[in-house]
Amino acid sequence: HGIWKAVGDFVRRADMVLLSLCIAASVFGIVAISSATNAKGSAQYVRVQTFALILGVILYIIFTLIDVDIIAERRELLLIFSILFIALLIPFGDTRSGNRSWLAFSFLPFSIQPAEICKIPFILVLAKTMSIRQNKVSHISTIIRLAGITLLLFALIVYCSEDLGVALQYLCIFVIMAFVGGINIFWFLGAFAGIFAASPILWRYLSADRQNRILVLFDANIDPDAQGVRYQMNRSLRALQNGGITGQGLYHGTMVQSNTIPAQHTDLIFSSIGEELGMLGCMAVLLLLTAIIIRIIHVGIKSGNYMNRLICVGIAGMLTAQVFINIGVCIGLVPVIGLTLPFFSYGGSSLVTMFFA
């Protein structure tokens, strides 16, 4: 009887349209990953991603049955959990990907990316803090709290993992939630002016490699042979050009099957899809992701509760920023930043986080 009651509760509470869209995007992603990893044996990658999808759907069901307010009430615990979880990267971080973003434990079949998972507690902490102080959301004490939480996690991620890409997402989420939450526009103008004034100093603190990643978008003389900082962008654009309108076909992409697109099953999965399924395949990816984001905003509007609306805005903002940056990198509009394409890129942590969200 208890099981049937839980099933009834889930069907009544769950957004089955949103769940269906997320599963459809994930299955599309698994097919693309299977093709993109074909050259090095795709079975292991497909297994991990399918396991992450099943775990994600289970989490979706569990968190649908739990009132989000019960979790958000424990905002101090959520913040402490996030700090400790990210700090685990200092002793246990795996450096195989070039930074220390991952925790690899021998008893788990996949690695864990703490900063990816902690985006959800971060959104809940911001939403709860803003809802408690709704009547004085633009007051300096509220701004100090919200900015303090954001900058603390931003600095911790950069220090512990050196992963600026994921850390920047926290800033994007904060800005979007603050704007929609009704914080006075003068705070944004002031912050923008401050960043603009400090930009020459901040620029000096960027490594030469990161400076070149930005400059290469504007200066054709930097790495004209595309063997250095322009390499990834060049390979990505070439794969998209190869695909044309309809693509070269799954398991038939010239560059995908010769494994010559960098990170072709993770950060540049969009370029792999572009070569094999063409512009039509890319449009299908964008339509699915846009439908998911619109559905999340629809849920937020329907909820009628300030905190719940903010949570939906934070999650929709997180997805939008990630999609914009990832595809921007693939088409050479954004400096190369290592971010996954939600639901499509290979990565257990990323997929589980999306269903959790």
# chains A, B, ... in the order shown; residues from 1 in each chain; ligands from 1
>>> residues_around(residues="Gly347 (chain A)", least_positions_apart="6", cutoff="10 Å", atoms="only C-alpha atoms", output="list in words")
Tyr45, Val48, Gln49, Ala52, Phe110, Ser111, Ile112, Gln113, His265, Thr266, Asp267, Thr340 and Leu341 of chain A
>>> residues_around(residues="region 179-187 of chain A", least_positions_apart="6", cutoff="7 Å", atoms="only C-alpha atoms", output="PyMOL selection string")
chain A and resi 137-138+310
>>> residues_around(residues="Ile120 (chain A)", least_positions_apart="6", cutoff="9 Å", atoms="only C-alpha atoms", output="MDAnalysis selection string")
chainID A and resid 311 314:315 353 356:357
>>> residues_around(residues="Ile296 (chain A)", least_positions_apart="5", cutoff="8 Å", atoms="only C-alpha atoms", output="list in words")
Leu18, Cys312, Val313, Ile315 and Ala316 of chain A
>>> closest_residue(among="A:Ser350, A:Ser207, A:Asn305, A:Asn259", to="Leu55 (chain A)", atoms="only C-alpha atoms")
A:Ser350
>>> closest_residue(among="A:Ser272, A:Gln264, A:Gln169, A:Gln232", to="Val323 (chain A)", atoms="only C-alpha atoms")
A:Gln169
>>> select_by_dssp(residues="region 240-346 of chain A", states="helix (DSSP H, G or I)", output="VMD selection string")
chain A and resid 240 to 243 254 to 257 269 to 303 306 to 330
>>> residues_around(residues="Cys160 (chain A)", least_positions_apart="5", cutoff="10 Å", atoms="only C-alpha atoms", output="MDAnalysis selection string")
chainID A and resid 86:91 93 99:101 115 155
>>> closest_residue(among="A:Val57, A:Ile214, A:Ile293, A:Val336", to="Met16 (chain A)", atoms="only C-alpha atoms")
A:Val57
>>> decode(residues="region 117-140 of chain A", atoms="N, CA and C atoms", output="short mmCIF file (atom, residue, chain, number, x, y, z; two decimals), in the first residue's frame")
data_model
loop_
_atom_site.label_atom_id
_atom_site.label_comp_id
_atom_site.auth_asym_id
_atom_site.auth_seq_id
_atom_site.Cartn_x
_atom_site.Cartn_y
_atom_site.Cartn_z
N ILE A 117 28.12 19.11 -8.74
CA ILE A 117 27.01 18.70 -7.87
C ILE A 117 26.60 19.83 -6.93
N CYS A 118 27.58 20.62 -6.46
CA CYS A 118 27.30 21.68 -5.47
C CYS A 118 26.56 22.88 -6.05
N LYS A 119 26.38 22.90 -7.38
CA LYS A 119 25.60 23.99 -7.98
C LYS A 119 24.16 23.98 -7.45
N ILE A 120 23.64 22.79 -7.18
CA ILE A 120 22.23 22.70 -6.72
C ILE A 120 22.08 23.23 -5.29
N PRO A 121 22.91 22.75 -4.31
CA PRO A 121 22.84 23.35 -2.98
C PRO A 121 23.06 24.87 -3.02
N PHE A 122 23.94 25.33 -3.90
CA PHE A 122 24.21 26.78 -4.04
C PHE A 122 22.94 27.54 -4.44
N ILE A 123 22.22 27.00 -5.42
CA ILE A 123 20.96 27.63 -5.87
C ILE A 123 19.94 27.65 -4.72
N LEU A 124 19.84 26.54 -3.98
CA LEU A 124 18.89 26.47 -2.86
C LEU A 124 19.26 27.47 -1.76
N VAL A 125 20.56 27.60 -1.46
CA VAL A 125 21.01 28.54 -0.41
C VAL A 125 20.68 29.97 -0.81
N LEU A 126 20.98 30.34 -2.07
CA LEU A 126 20.68 31.71 -2.53
C LEU A 126 19.18 31.97 -2.50
N ALA A 127 18.37 31.01 -3.00
CA ALA A 127 16.91 31.19 -3.07
C ALA A 127 16.32 31.35 -1.66
N LYS A 128 16.77 30.52 -0.71
CA LYS A 128 16.24 30.60 0.65
C LYS A 128 16.65 31.90 1.32
N THR A 129 17.91 32.31 1.14
CA THR A 129 18.39 33.55 1.75
C THR A 129 17.60 34.74 1.21
N MET A 130 17.35 34.76 -0.11
CA MET A 130 16.59 35.87 -0.71
C MET A 130 15.13 35.85 -0.29
N SER A 131 14.56 34.65 -0.11
CA SER A 131 13.13 34.59 0.28
C SER A 131 12.94 35.03 1.74
N ILE A 132 13.91 34.72 2.61
CA ILE A 132 13.82 35.15 4.01
C ILE A 132 13.89 36.68 4.10
N ARG A 133 14.71 37.27 3.22
CA ARG A 133 14.92 38.73 3.23
C ARG A 133 14.23 39.40 2.05
N GLN A 134 13.09 38.83 1.66
CA GLN A 134 12.38 39.30 0.46
C GLN A 134 12.04 40.80 0.52
N ASN A 135 11.64 41.28 1.72
CA ASN A 135 11.22 42.67 1.85
C ASN A 135 12.39 43.65 1.82
N LYS A 136 13.61 43.14 2.06
CA LYS A 136 14.79 44.02 1.99
C LYS A 136 15.88 43.34 1.15
N VAL A 137 15.43 42.86 -0.03
CA VAL A 137 16.34 42.07 -0.88
C VAL A 137 17.46 42.94 -1.47
N SER A 138 17.23 44.26 -1.57
CA SER A 138 18.27 45.16 -2.11
C SER A 138 19.09 45.83 -1.01
N HIS A 139 18.79 45.49 0.26
CA HIS A 139 19.52 46.10 1.38
C HIS A 139 20.98 45.62 1.35
N ILE A 140 21.88 46.47 1.80
CA ILE A 140 23.32 46.14 1.73
C ILE A 140 23.66 44.86 2.49
#
